[in-house]
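Data first, discussion second: the structure below is written as structure tokens.
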Amino acid sequence: MSRFPAITLVMASAALVIHAVPQLQRDCVYDRHLVLAGQWWRLFTAPFVHFSVSHLCWNLLVLVAAGTTVELEGYRRFGWVALLSIAVPGVLFLASKPELARYGGLSSVAVGATAYLCLHRAARLDGGRWLWMALFAVLLGKILAESLLAAPLFARSAEVPFMVLPSAHLIGLVVATLLFFTEKHRRWRAKEQPKGLTF
Amino acid sequence: MHGFKLFARIILVLLLAGSLAGCAAFYGRHRTSHFTSSVVEYLYQDKQQADTPTIPRLSLPLRVGIAFVPTSKNKPWRGRLSEKELMELMERISAEFKNLPFVKSIEMIPSAYLTAGGGFTNLDQIRAMYGVDVIALLSCDQVQHTDEGLLSLSYWTIVGAYLVRGEKNDTNTMLDAAVYDISSRKLLFRAPGVSQVRGSATPVNLSEQLRADSVQGFQGAADNLVINLRDQLAQFQVRVREKPDAYTVVHKPGYTGGGSIGAFFSLLLLAFGAIALVAGRRGLCRGFRP
């Protein structure tokens, strides 16, 4: 069966279209005040809004590279990784960050896709698995360091016209890790289960 | 009888001379009006030495104020533009700030709140009243020239003065936006906007046409200012990024947050991933077991 990176391309296209139409940006961005006023869809459309061209480009670069690889290699739960990485940050920020007025950016999905790829590749017994583990460790280390320091590790705070939220990245990474291990756990259980005892 | 004829001739000659002189006065007149307001005059009037700016501390998201500085010698703006027209111009310019993610709100300050030569003391009062961190001060310079063309010869007919547009108007306008951080007294950036309006009028509706040209001139300059403001804002963001010592950026409640991987880490991930993919295909790390 030929594979096509449909999910990644749909997400990338949506981000590009929204960035190109200012009215769509205004209608889709996470705006705490408007979400509380009933525009709940903003919780799920906010990741597709970007605040500058460089913000869009770097996020899309990682997402397209990681997402395309994941989809071409056929890892089945990528759809869930994408869906939860899109939906969870907005809901959590609404519940836990009342000081955050606006939010946007696809990096939670990009980080989720990268982490999911790293874990699947690391689980394979071919060459390069230790490099994938190292990449996952770098990703985790960077997010934890940023969360503890409450500042971006590589970019200066003035590099982007907003505050970088490491918690969004952490959500992507946690979602990818949980989905990977539940998938593996199910497979391991299926392998361990004696054939005659299935109910 | 002879005396009466002589008197009538003298009156006729005087009338003819008077009308010719009137026509000569009609043709070739040149009038100029100049209207100006200055940021320097507003901020530093009566000051021998300007305040020394300190390092601006930009607390994001910013609350931005926008106001027209009072005109020179305390001439009211109302003579040239009404408060409604001033607000419309400010609305047009402030739209450029509204879409910026690091701007929380825009306050349009009515001209009555700024006193001539008020300086930073006046701006401190406005900051206290409106809670703005940064203010865009708009100043202007408008010159209107009126000349009479050949068509003004038709004014001899009286009817021509009502129907023929023999008055040639030329309105040159410059609007300037200087954006200041109030607490540090630092000019963050500035952007100019210019326009030129050419028109014509009959002598009867000349003043009305000049007012319309004046408003059109301000609107054209505001449009041009918006374009330049866009460039200056982009350059200012680059300056803030490149000179972290010159600007301190902090975040406060109400900020905009984003998930951003950033240029350096994106490239690091891609490079690392590419190496890992190639290593996987060639089996480079297969023998490695820690």
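Residue numbering restarts at 1 in every chain; chains get A, B, ... in the order shown in the structure tokens, and ligands count up from 1 in that same order.
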Practice item. Extract, using only C-alpha atoms, all DNA, RNA and protein residues at most 7 Å from range 87-94 of chain A, discarding same-chain residues fewer than 5 positions from it, and format them as a list in words. Key: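 Those residues are Arg32, Leu43, Phe44, Ala168 and Ile171 of chain A.
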What does the file look like for those residues with C-alpha atoms, as a compact mmCIF listing (two decimals), in the first residue's frame?
# COMPACT_ATOMS: atom_id res chain seq x y z
CA ARG A 32 -8.52 33.88 26.37
CA LEU A 43 -8.72 26.25 21.53
CA PHE A 44 -8.21 23.93 18.56
CA ALA A 168 3.50 23.52 24.74
CA ILE A 171 2.71 18.53 26.00
Review point. Any idea what's packed within 10 Å of Leu61 in chain A, counting only C-alpha atoms, ignoring anything in its chain fewer than 3 positions away? Could you give it as a VMD selection string?
Key: (chain A and resid 12 56 to 58 64 to 67 110) or (chain B and resid 261 263 266 to 267 270)
Go ahead and dump the residues you just picked, C-alpha atoms, as a short mmCIF file (atom, residue, chain, number, x, y, z; two decimals), in the first residue's frame.
data_model
loop_
_atom_site.label_atom_id
_atom_site.label_comp_id
_atom_site.auth_asym_id
_atom_site.auth_seq_id
_atom_site.Cartn_x
_atom_site.Cartn_y
_atom_site.Cartn_z
CA ALA A 12 0.97 22.57 6.99
CA LEU A 56 5.78 29.81 10.80
CA CYS A 57 8.78 28.66 8.75
CA TRP A 58 10.83 27.04 11.52
CA VAL A 64 6.96 18.60 7.71
CA ALA A 65 10.28 16.77 8.06
CA ALA A 66 9.26 14.71 11.10
CA GLY A 67 5.58 14.29 10.18
CA ALA A 110 6.21 19.43 15.59
CA ILE B 261 11.11 25.78 18.15
CA ALA B 263 15.89 28.62 14.06
CA SER B 266 15.11 23.44 14.22
CA LEU B 267 18.34 23.11 12.29
CA LEU B 270 16.99 18.32 11.29
#
Exercise for review: List the neighbours of Val35 in chain A out to 12 Å using only C-alpha atoms; skip same-chain residues closer than 5 positions along the sequence, and give me the result as a list in words.
Suggested key: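 After dropping sequence-adjacent residues, the list is Asp27, Cys28, Val29, Tyr30, Trp40, Trp41, Arg42, Leu43, Phe44, Thr45, Ala46, Gly90, Val91, Phe93, Leu94, Ala95, Pro98, Ala101, Arg102 and Tyr103 of chain A.
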**Study point:** Spatial neighbours of Gly104 in chain A, 7 Å, only C-alpha atoms, chain gap at least 6 places, as a PyMOL selection string
**Key:** (chain A and resi 29-30+46-50) or (chain B and resi 257-259)
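Here the question is which of B:His30, B:Thr36, B:Gly131, B:Leu269 gets nearest to Glu167 in chain B using only C-alpha atoms, and that residue is B:His30.
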Check your understanding: Out of A:Ala190, A:Leu173, A:Leu131, A:Leu179, which residue has the shortest atom-to-atom distance to chain B when counting only C-alpha atoms?
Key -> A:Leu131
**Study point:** Å distance separating CA of Arg281 in chain B from CA of Thr68 in chain A, one decimal place
**Key:** 17.3 Å
